[in-house]
Protein chains: 2
Amino acid sequence: MVDKDTCPVCRTAEIVCGKWTLLVIRDLAEGRSRFCELERSLAGISPRTLSLRLRALEEAGIVERQTFPEVPPRVEYVLTPKGRALVPLIEDMRVYGREWLGADCEDGYTPAAAREPAVAAA
Amino acid sequence: MVDKDTCPVCRTAEIVCGKWTLLVIRDLAEGRSRFCELERSLAGISPRTLSLRLRALEEAGIVERQTFPEVPPRVEYVLTPKGRALVPLIEDMRVYGREWLGADCEDGYTPAAAREPAVAAA
DNA sequence: TTGCTTGCTTCAGTTCGTGAAGCATTGCGC
DNA sequence: GCGCAATGCTTCACGAACTGAAGCAAGCAA
């Protein structure tokens with residue numbers, strides 16, 4: 001049996017498996033940094049969930065929160081190195097999604113053997 | 001804004017973000033195949049959740065279910081190619097967990113001052 | 001007959017996520 | 001001054017997801 005406390009996959013899963021978490025990190029990696037930017041980009045997320053996610057990620061040392069005492073107040077969220085280290089994971093997901101979940105395998109079972117490995121897009 | 005239906009990261013996240021999902025896939029990749037094996041390995045999962053996960057993964061074409069009409073009944077779950085394609089993702093998680101969530105970074109936070117100007121995967 | 005195993009399902013309860021609304025700040029038009 | 005707008009949240013009530021314990025069917029062993 002796998003020990004939940006020491007298994008690195010489990011520990012990563014605990015950080016990553018919450019709904020929206022990976023998409024928040026992806027958005028931050030792509031340059032979005034403000035609450036309302038994220039809220040608009042992640043169509044469908046509730047502000048409560050976004051707030052919880054950002055707080056948990058800050059707690060975990062994955063994002064850093066900077067407040068600017070302007071009017072209206074501005075808050076920026078930036079990935080720390082620990083957060084940027086998750087980007088390869090997201091790139092894997094992008095590759096997987098393109099290869100196995102694309103428009104041409106809607107039935108979910110068609111292997112994409114002939115497909116070229118996708119290059120990360122800008 | 002990102003279109004949830006076409007973005008490959010979102011589509012992968014939808015499959016992957018449920019609690020236990022990635023750990024179930026990891027266990028299958030490591031050779032465990034029977035319900036009770038998974039149940040024992042994933043200490044803490046409820047049989048209902050495991051059942052739901054396996055069913056959803058089967059639905060998604062990620063695992064294949066084979067029943068053997070023995071006594072007591074035997075059921076084996078095996079990763080399809082589409083499922084095995086998720087293993088690199090899990091390996092990335094293992095690497096990340098080891099690198100950033102190990103015993104030597106329990107506090108989980110490297111201050112921004114130490115950050116290198118690494119270019120984000122924009 | 002009771003007990004044992006596997007692979008689940010059912011039930012009640014807790015936690016998680018949603019959607020709408022509200023709050024505090026203050027600069028702008030009126 | 002008054003209401004409106006924008007940002008970055010919080011609060012609330014509700015539904016969905018997950019949990020933990022229990023139960024069930026099948027058949028063989030004691």
# chains A, B, ... in the order shown; residues from 1 in each chain; ligands from 1

$ closest_atom_pairs --of "chain B" --to "chain D" --cutoff "10 Å" --atoms "only C-alpha atoms (C1' of nucleotides)" --output "tab-separated table"
residue	atom	partner	partner_atom	distance
B:Gly18	CA	D:DA17	C1'	9.3
B:Lys19	CA	D:DC18	C1'	8.5
B:Gly44	CA	D:DT19	C1'	8.9
B:Ile45	CA	D:DT19	C1'	8.1
B:Ser46	CA	D:DT19	C1'	6.4
B:Pro47	CA	D:DT19	C1'	9.6
B:Arg48	CA	D:DC18	C1'	8.9
B:Thr49	CA	D:DC18	C1'	7.1
B:Glu70	CA	D:DG27	C1'	9.7
B:Val71	CA	D:DG27	C1'	6.5
B:Pro72	CA	D:DA26	C1'	7.4
B:Pro73	CA	D:DA26	C1'	8.3

$ select_by_dssp --residues "stretch 54-92 of chain A" --states "strand (DSSP E or B)" --output "MDAnalysis selection string"
chainID A and resid 63:68 74:79

$ write_last_selection --atoms "N, CA and C atoms" --output "tab-separated table (two decimals), in the first residue's frame"
chain	number	residue	atom	x	y	z
A	63	VAL	N	1.62	30.59	-5.40
A	63	VAL	CA	1.46	31.95	-5.93
A	63	VAL	C	1.83	32.95	-4.83
A	64	GLU	N	2.18	34.13	-5.30
A	64	GLU	CA	2.49	35.21	-4.40
A	64	GLU	C	1.50	36.32	-4.67
A	65	ARG	N	1.03	36.93	-3.61
A	65	ARG	CA	0.00	37.94	-3.72
A	65	ARG	C	0.60	39.30	-3.42
A	66	GLN	N	0.39	40.24	-4.35
A	66	GLN	CA	0.89	41.59	-4.12
A	66	GLN	C	-0.26	42.56	-4.21
A	67	THR	N	-0.44	43.36	-3.18
A	67	THR	CA	-1.53	44.35	-3.20
A	67	THR	C	-0.95	45.73	-3.44
A	68	PHE	N	-1.68	46.50	-4.24
A	68	PHE	CA	-1.29	47.87	-4.52
A	68	PHE	C	-2.38	48.78	-3.99
A	74	ARG	N	-5.82	47.31	-6.34
A	74	ARG	CA	-5.32	46.35	-7.31
A	74	ARG	C	-4.56	45.27	-6.56
A	75	VAL	N	-4.79	44.03	-6.96
A	75	VAL	CA	-4.09	42.90	-6.37
A	75	VAL	C	-3.55	42.07	-7.51
A	76	GLU	N	-2.29	41.69	-7.42
A	76	GLU	CA	-1.72	40.83	-8.46
A	76	GLU	C	-1.25	39.53	-7.87
A	77	TYR	N	-1.52	38.48	-8.62
A	77	TYR	CA	-1.06	37.16	-8.22
A	77	TYR	C	-0.01	36.69	-9.21
A	78	VAL	N	1.11	36.22	-8.69
A	78	VAL	CA	2.23	35.81	-9.55
A	78	VAL	C	2.67	34.42	-9.11
A	79	LEU	N	3.05	33.59	-10.06
A	79	LEU	CA	3.58	32.27	-9.72
A	79	LEU	C	4.95	32.41	-9.08

$ closest_atom_pairs --of "chain C" --to "chain B" --cutoff "8 Å" --atoms "only C-alpha atoms (C1' of nucleotides)" --output "JSON lines"
{"residue": "C:DT5", "atom": "C1'", "partner": "B:Pro72", "partner_atom": "CA", "distance": 6.2}
{"residue": "C:DT6", "atom": "C1'", "partner": "B:Pro72", "partner_atom": "CA", "distance": 5.4}
{"residue": "C:DG7", "atom": "C1'", "partner": "B:Phe35", "partner_atom": "CA", "distance": 7.0}
{"residue": "C:DC8", "atom": "C1'", "partner": "B:Ser51", "partner_atom": "CA", "distance": 7.6}
{"residue": "C:DT9", "atom": "C1'", "partner": "B:Arg48", "partner_atom": "CA", "distance": 7.9}

$ atom_distance --atom1 "atom CA of B:Gly102" --atom2 "atom CA of B:Pro88"
19.9 Å

$ atom_distance --atom1 "atom CA of B:Val95" --atom2 "atom CA of A:Pro8"
7.5 Å

$ select_by_dssp --residues "stretch 30-107 of chain A" --states "helix (DSSP H, G or I)" --output "MDAnalysis selection string"
chainID A and resid 35:41 47:59 81:84 87:100 103:105

$ write_last_selection --atoms "N, CA and C atoms" --output "short mmCIF file (atom, residue, chain, number, x, y, z; two decimals), in the first residue's frame"
data_model
loop_
_atom_site.label_atom_id
_atom_site.label_comp_id
_atom_site.auth_asym_id
_atom_site.auth_seq_id
_atom_site.Cartn_x
_atom_site.Cartn_y
_atom_site.Cartn_z
N PHE A 35 -7.35 39.43 -10.13
CA PHE A 35 -8.53 38.64 -9.77
C PHE A 35 -9.57 38.66 -10.88
N CYS A 36 -9.89 39.84 -11.35
CA CYS A 36 -10.97 39.93 -12.32
C CYS A 36 -10.55 39.40 -13.68
N GLU A 37 -9.26 39.46 -13.98
CA GLU A 37 -8.78 38.85 -15.23
C GLU A 37 -8.99 37.34 -15.19
N LEU A 38 -8.59 36.75 -14.06
CA LEU A 38 -8.77 35.31 -13.89
C LEU A 38 -10.25 34.95 -13.93
N GLU A 39 -11.04 35.76 -13.25
CA GLU A 39 -12.47 35.50 -13.18
C GLU A 39 -13.08 35.50 -14.59
N ARG A 40 -12.64 36.46 -15.41
CA ARG A 40 -13.18 36.54 -16.76
C ARG A 40 -12.67 35.40 -17.63
N SER A 41 -11.40 35.06 -17.45
CA SER A 41 -10.82 34.00 -18.27
C SER A 41 -11.42 32.64 -17.95
N PRO A 47 -16.61 33.54 -7.75
CA PRO A 47 -15.55 34.34 -7.10
C PRO A 47 -15.12 33.71 -5.78
N ARG A 48 -16.05 33.07 -5.13
CA ARG A 48 -15.68 32.38 -3.88
C ARG A 48 -14.64 31.30 -4.13
N THR A 49 -14.89 30.48 -5.14
CA THR A 49 -13.95 29.40 -5.46
C THR A 49 -12.60 29.97 -5.87
N LEU A 50 -12.62 31.00 -6.71
CA LEU A 50 -11.36 31.60 -7.13
C LEU A 50 -10.60 32.14 -5.93
N SER A 51 -11.32 32.78 -5.05
CA SER A 51 -10.69 33.32 -3.84
C SER A 51 -10.09 32.19 -3.00
N LEU A 52 -10.86 31.12 -2.83
CA LEU A 52 -10.35 29.97 -2.06
C LEU A 52 -9.11 29.37 -2.72
N ARG A 53 -9.16 29.22 -4.05
CA ARG A 53 -8.04 28.63 -4.77
C ARG A 53 -6.78 29.46 -4.59
N LEU A 54 -6.94 30.78 -4.81
CA LEU A 54 -5.78 31.65 -4.72
C LEU A 54 -5.20 31.65 -3.30
N ARG A 55 -6.09 31.60 -2.33
CA ARG A 55 -5.62 31.59 -0.95
C ARG A 55 -4.87 30.29 -0.65
N ALA A 56 -5.44 29.17 -1.14
CA ALA A 56 -4.80 27.87 -0.88
C ALA A 56 -3.44 27.80 -1.60
N LEU A 57 -3.40 28.34 -2.81
CA LEU A 57 -2.14 28.30 -3.57
C LEU A 57 -1.10 29.21 -2.93
N GLU A 58 -1.57 30.33 -2.39
CA GLU A 58 -0.65 31.21 -1.68
C GLU A 58 -0.11 30.48 -0.44
N GLU A 59 -1.02 29.87 0.27
CA GLU A 59 -0.67 29.07 1.46
C GLU A 59 0.38 28.01 1.12
N PRO A 81 8.56 30.28 -8.02
CA PRO A 81 9.27 29.18 -8.71
C PRO A 81 8.56 27.85 -8.48
N LYS A 82 8.07 27.66 -7.27
CA LYS A 82 7.35 26.42 -6.95
C LYS A 82 6.08 26.28 -7.79
N GLY A 83 5.51 27.43 -8.14
CA GLY A 83 4.34 27.40 -9.00
C GLY A 83 4.73 27.18 -10.45
N ARG A 84 5.82 27.84 -10.88
CA ARG A 84 6.24 27.69 -12.27
C ARG A 84 6.68 26.26 -12.56
N VAL A 87 4.25 24.10 -14.41
CA VAL A 87 3.88 24.36 -15.80
C VAL A 87 4.11 23.15 -16.72
N PRO A 88 5.20 22.38 -16.54
CA PRO A 88 5.37 21.19 -17.38
C PRO A 88 4.19 20.22 -17.26
N LEU A 89 3.64 20.12 -16.07
CA LEU A 89 2.46 19.29 -15.85
C LEU A 89 1.31 19.77 -16.74
N ILE A 90 1.15 21.08 -16.78
CA ILE A 90 0.08 21.65 -17.58
C ILE A 90 0.36 21.44 -19.07
N GLU A 91 1.63 21.53 -19.43
CA GLU A 91 1.98 21.28 -20.83
C GLU A 91 1.67 19.83 -21.21
N ASP A 92 1.95 18.92 -20.29
CA ASP A 92 1.58 17.51 -20.52
C ASP A 92 0.08 17.38 -20.74
N MET A 93 -0.67 18.11 -19.96
CA MET A 93 -2.12 18.04 -20.10
C MET A 93 -2.54 18.58 -21.46
N ARG A 94 -1.87 19.64 -21.89
CA ARG A 94 -2.20 20.21 -23.20
C ARG A 94 -1.91 19.19 -24.30
N VAL A 95 -0.74 18.56 -24.19
CA VAL A 95 -0.37 17.56 -25.18
C VAL A 95 -1.38 16.40 -25.17
N TYR A 96 -1.71 15.95 -23.97
CA TYR A 96 -2.66 14.84 -23.86
C TYR A 96 -4.02 15.23 -24.45
N GLY A 97 -4.48 16.42 -24.08
CA GLY A 97 -5.77 16.87 -24.58
C GLY A 97 -5.80 16.94 -26.10
N ARG A 98 -4.70 17.44 -26.67
CA ARG A 98 -4.65 17.56 -28.12
C ARG A 98 -4.62 16.18 -28.77
N GLU A 99 -3.86 15.30 -28.16
CA GLU A 99 -3.65 14.00 -28.78
C GLU A 99 -4.86 13.07 -28.61
N TRP A 100 -5.51 13.15 -27.45
CA TRP A 100 -6.53 12.15 -27.14
C TRP A 100 -7.92 12.70 -26.96
N ALA A 103 -11.01 17.18 -31.38
CA ALA A 103 -12.30 17.12 -32.07
C ALA A 103 -12.45 15.82 -32.86
N ASP A 104 -11.32 15.24 -33.25
CA ASP A 104 -11.39 14.06 -34.10
C ASP A 104 -11.37 12.75 -33.30
N CYS A 105 -11.46 12.86 -31.98
CA CYS A 105 -11.66 11.63 -31.22
C CYS A 105 -12.71 11.85 -30.15
#

$ atom_distance --atom1 "atom CA of A:Leu42" --atom2 "atom CA of A:Ile62"
18.6 Å

$ closest_residue --among "A:Thr6, A:Ile25, A:Ser33, A:Pro69" --to "chain B" --atoms "only C-alpha atoms"
A:Thr6

$ decode --residues "stretch 2-24 of chain C" --atoms "N, CA and C atoms (P, O5', C5', C4', C3', O3' and C1' of nucleotides)" --output "short mmCIF file (atom, residue, chain, number, x, y, z; two decimals), in the first residue's frame"
data_model
loop_
_atom_site.label_atom_id
_atom_site.label_comp_id
_atom_site.auth_asym_id
_atom_site.auth_seq_id
_atom_site.Cartn_x
_atom_site.Cartn_y
_atom_site.Cartn_z
P DT C 2 -27.52 -19.72 11.10
"O5'" DT C 2 -25.95 -19.40 11.19
"C5'" DT C 2 -25.12 -20.13 12.11
"C4'" DT C 2 -23.67 -19.90 11.76
"C3'" DT C 2 -23.34 -18.43 11.45
"O3'" DT C 2 -22.25 -18.03 12.27
"C1'" DT C 2 -22.53 -19.87 9.72
P DG C 3 -21.65 -16.57 12.19
"O5'" DG C 3 -20.42 -16.70 11.20
"C5'" DG C 3 -19.47 -17.75 11.40
"C4'" DG C 3 -18.48 -17.80 10.24
"C3'" DG C 3 -17.99 -16.42 9.80
"O3'" DG C 3 -16.58 -16.49 9.64
"C1'" DG C 3 -18.78 -17.62 7.93
P DC C 4 -15.66 -15.21 9.49
"O5'" DC C 4 -15.20 -15.28 7.97
"C5'" DC C 4 -14.38 -16.37 7.52
"C4'" DC C 4 -14.29 -16.30 6.00
"C3'" DC C 4 -14.11 -14.87 5.48
"O3'" DC C 4 -12.75 -14.66 5.07
"C1'" DC C 4 -15.74 -16.11 4.21
P DT C 5 -12.26 -13.21 4.67
"O5'" DT C 5 -12.46 -13.14 3.10
"C5'" DT C 5 -11.86 -14.13 2.25
"C4'" DT C 5 -12.45 -13.99 0.87
"C3'" DT C 5 -12.45 -12.54 0.37
"O3'" DT C 5 -11.43 -12.35 -0.60
"C1'" DT C 5 -14.56 -13.63 -0.05
P DT C 6 -11.15 -10.89 -1.18
"O5'" DT C 6 -12.21 -10.72 -2.35
"C5'" DT C 6 -12.18 -11.62 -3.46
"C4'" DT C 6 -13.26 -11.23 -4.45
"C3'" DT C 6 -13.18 -9.77 -4.91
"O3'" DT C 6 -13.28 -9.74 -6.32
"C1'" DT C 6 -15.34 -10.24 -4.01
P DG C 7 -12.83 -8.47 -7.12
"O5'" DG C 7 -14.21 -7.72 -7.30
"C5'" DG C 7 -15.24 -8.33 -8.07
"C4'" DG C 7 -16.52 -7.55 -7.89
"C3'" DG C 7 -16.36 -6.02 -8.07
"O3'" DG C 7 -17.43 -5.53 -8.87
"C1'" DG C 7 -17.43 -6.48 -6.08
P DC C 8 -17.21 -4.22 -9.70
"O5'" DC C 8 -17.15 -3.07 -8.61
"C5'" DC C 8 -18.26 -2.22 -8.27
"C4'" DC C 8 -19.43 -3.00 -7.71
"C3'" DC C 8 -20.57 -2.10 -7.26
"O3'" DC C 8 -21.49 -1.96 -8.33
"C1'" DC C 8 -20.11 -3.80 -5.64
P DT C 9 -22.33 -0.58 -8.37
"O5'" DT C 9 -23.38 -0.73 -7.19
"C5'" DT C 9 -24.44 -1.68 -7.29
"C4'" DT C 9 -25.36 -1.51 -6.10
"C3'" DT C 9 -26.00 -0.11 -6.00
"O3'" DT C 9 -27.39 -0.29 -5.72
"C1'" DT C 9 -24.83 -0.63 -3.99
P DT C 10 -28.35 0.99 -5.75
"O5'" DT C 10 -28.60 1.31 -4.21
"C5'" DT C 10 -28.90 0.24 -3.31
"C4'" DT C 10 -28.99 0.77 -1.89
"C3'" DT C 10 -29.55 2.19 -1.76
"O3'" DT C 10 -30.55 2.20 -0.77
"C1'" DT C 10 -27.49 2.02 -0.61
P DC C 11 -31.56 3.41 -0.58
"O5'" DC C 11 -31.00 4.11 0.75
"C5'" DC C 11 -30.75 3.31 1.91
"C4'" DC C 11 -29.96 4.11 2.94
"C3'" DC C 11 -30.36 5.59 3.04
"O3'" DC C 11 -30.81 5.86 4.36
"C1'" DC C 11 -27.98 5.33 2.93
P DA C 12 -31.56 7.21 4.71
"O5'" DA C 12 -30.49 7.98 5.60
"C5'" DA C 12 -29.87 7.30 6.69
"C4'" DA C 12 -28.66 8.08 7.16
"C3'" DA C 12 -28.93 9.58 7.37
"O3'" DA C 12 -28.27 9.98 8.57
"C1'" DA C 12 -27.15 9.29 5.84
P DG C 13 -28.47 11.45 9.17
"O5'" DG C 13 -27.02 12.08 8.95
"C5'" DG C 13 -25.87 11.42 9.45
"C4'" DG C 13 -24.62 12.00 8.83
"C3'" DG C 13 -24.56 13.54 8.91
"O3'" DG C 13 -23.31 13.93 9.45
"C1'" DG C 13 -24.11 12.81 6.71
P DT C 14 -23.09 15.43 10.00
"O5'" DT C 14 -21.81 15.90 9.16
"C5'" DT C 14 -20.65 15.07 9.12
"C4'" DT C 14 -19.81 15.41 7.89
"C3'" DT C 14 -19.43 16.90 7.79
"O3'" DT C 14 -18.02 16.97 7.57
"C1'" DT C 14 -20.31 16.12 5.74
P DT C 15 -17.26 18.36 7.85
"O5'" DT C 15 -16.50 18.63 6.48
"C5'" DT C 15 -15.97 17.54 5.71
"C4'" DT C 15 -16.07 17.87 4.23
"C3'" DT C 15 -15.57 19.27 3.85
"O3'" DT C 15 -14.57 19.08 2.87
"C1'" DT C 15 -17.61 18.78 2.77
P DC C 16 -13.73 20.28 2.23
"O5'" DC C 16 -14.42 20.50 0.81
"C5'" DC C 16 -14.45 19.40 -0.11
"C4'" DC C 16 -15.14 19.86 -1.38
"C3'" DC C 16 -14.67 21.22 -1.90
"O3'" DC C 16 -14.41 21.07 -3.29
"C1'" DC C 16 -17.03 21.18 -1.69
P DG C 17 -13.91 22.28 -4.18
"O5'" DG C 17 -15.25 22.79 -4.87
"C5'" DG C 17 -15.84 22.01 -5.90
"C4'" DG C 17 -17.05 22.74 -6.45
"C3'" DG C 17 -16.76 24.14 -7.00
"O3'" DG C 17 -17.38 24.25 -8.28
"C1'" DG C 17 -18.50 24.22 -5.40
P DT C 18 -17.50 25.67 -9.01
"O5'" DT C 18 -19.00 26.07 -8.67
"C5'" DT C 18 -20.05 25.16 -8.96
"C4'" DT C 18 -21.40 25.86 -8.93
"C3'" DT C 18 -21.42 27.21 -9.64
"O3'" DT C 18 -22.62 27.27 -10.39
"C1'" DT C 18 -22.11 27.47 -7.37
P DG C 19 -22.76 28.25 -11.64
"O5'" DG C 19 -23.77 29.36 -11.12
"C5'" DG C 19 -24.96 28.96 -10.45
"C4'" DG C 19 -25.64 30.18 -9.87
"C3'" DG C 19 -25.33 31.49 -10.62
"O3'" DG C 19 -26.55 32.18 -10.76
"C1'" DG C 19 -24.73 31.69 -8.32
P DA C 20 -26.70 33.60 -11.44
"O5'" DA C 20 -27.37 34.47 -10.31
"C5'" DA C 20 -28.22 33.89 -9.33
"C4'" DA C 20 -28.25 34.74 -8.07
"C3'" DA C 20 -28.16 36.25 -8.35
"O3'" DA C 20 -29.22 36.90 -7.65
"C1'" DA C 20 -26.58 35.60 -6.71
P DA C 21 -29.49 38.47 -7.84
"O5'" DA C 21 -28.94 39.10 -6.49
"C5'" DA C 21 -29.32 38.54 -5.23
"C4'" DA C 21 -28.35 38.99 -4.15
"C3'" DA C 21 -28.10 40.51 -4.14
"O3'" DA C 21 -28.67 41.05 -2.96
"C1'" DA C 21 -26.08 39.23 -3.81
P DG C 22 -28.57 42.63 -2.61
"O5'" DG C 22 -27.28 42.74 -1.69
"C5'" DG C 22 -27.15 41.88 -0.55
"C4'" DG C 22 -25.79 42.11 0.11
"C3'" DG C 22 -25.44 43.59 0.26
"O3'" DG C 22 -24.92 43.81 1.56
"C1'" DG C 22 -23.69 42.44 -0.85
P DC C 23 -24.81 45.35 2.13
"O5'" DC C 23 -23.26 45.51 2.45
"C5'" DC C 23 -22.48 44.40 2.92
"C4'" DC C 23 -21.01 44.76 2.90
"C3'" DC C 23 -20.75 46.27 2.96
"O3'" DC C 23 -19.67 46.52 3.83
"C1'" DC C 23 -19.71 45.36 1.05
P DA C 24 -19.56 47.93 4.66
"O5'" DA C 24 -18.11 48.46 4.30
"C5'" DA C 24 -16.98 47.57 4.36
"C4'" DA C 24 -15.87 48.12 3.49
"C3'" DA C 24 -15.81 49.65 3.49
"O3'" DA C 24 -14.48 50.04 3.81
"C1'" DA C 24 -15.88 48.81 1.26
#
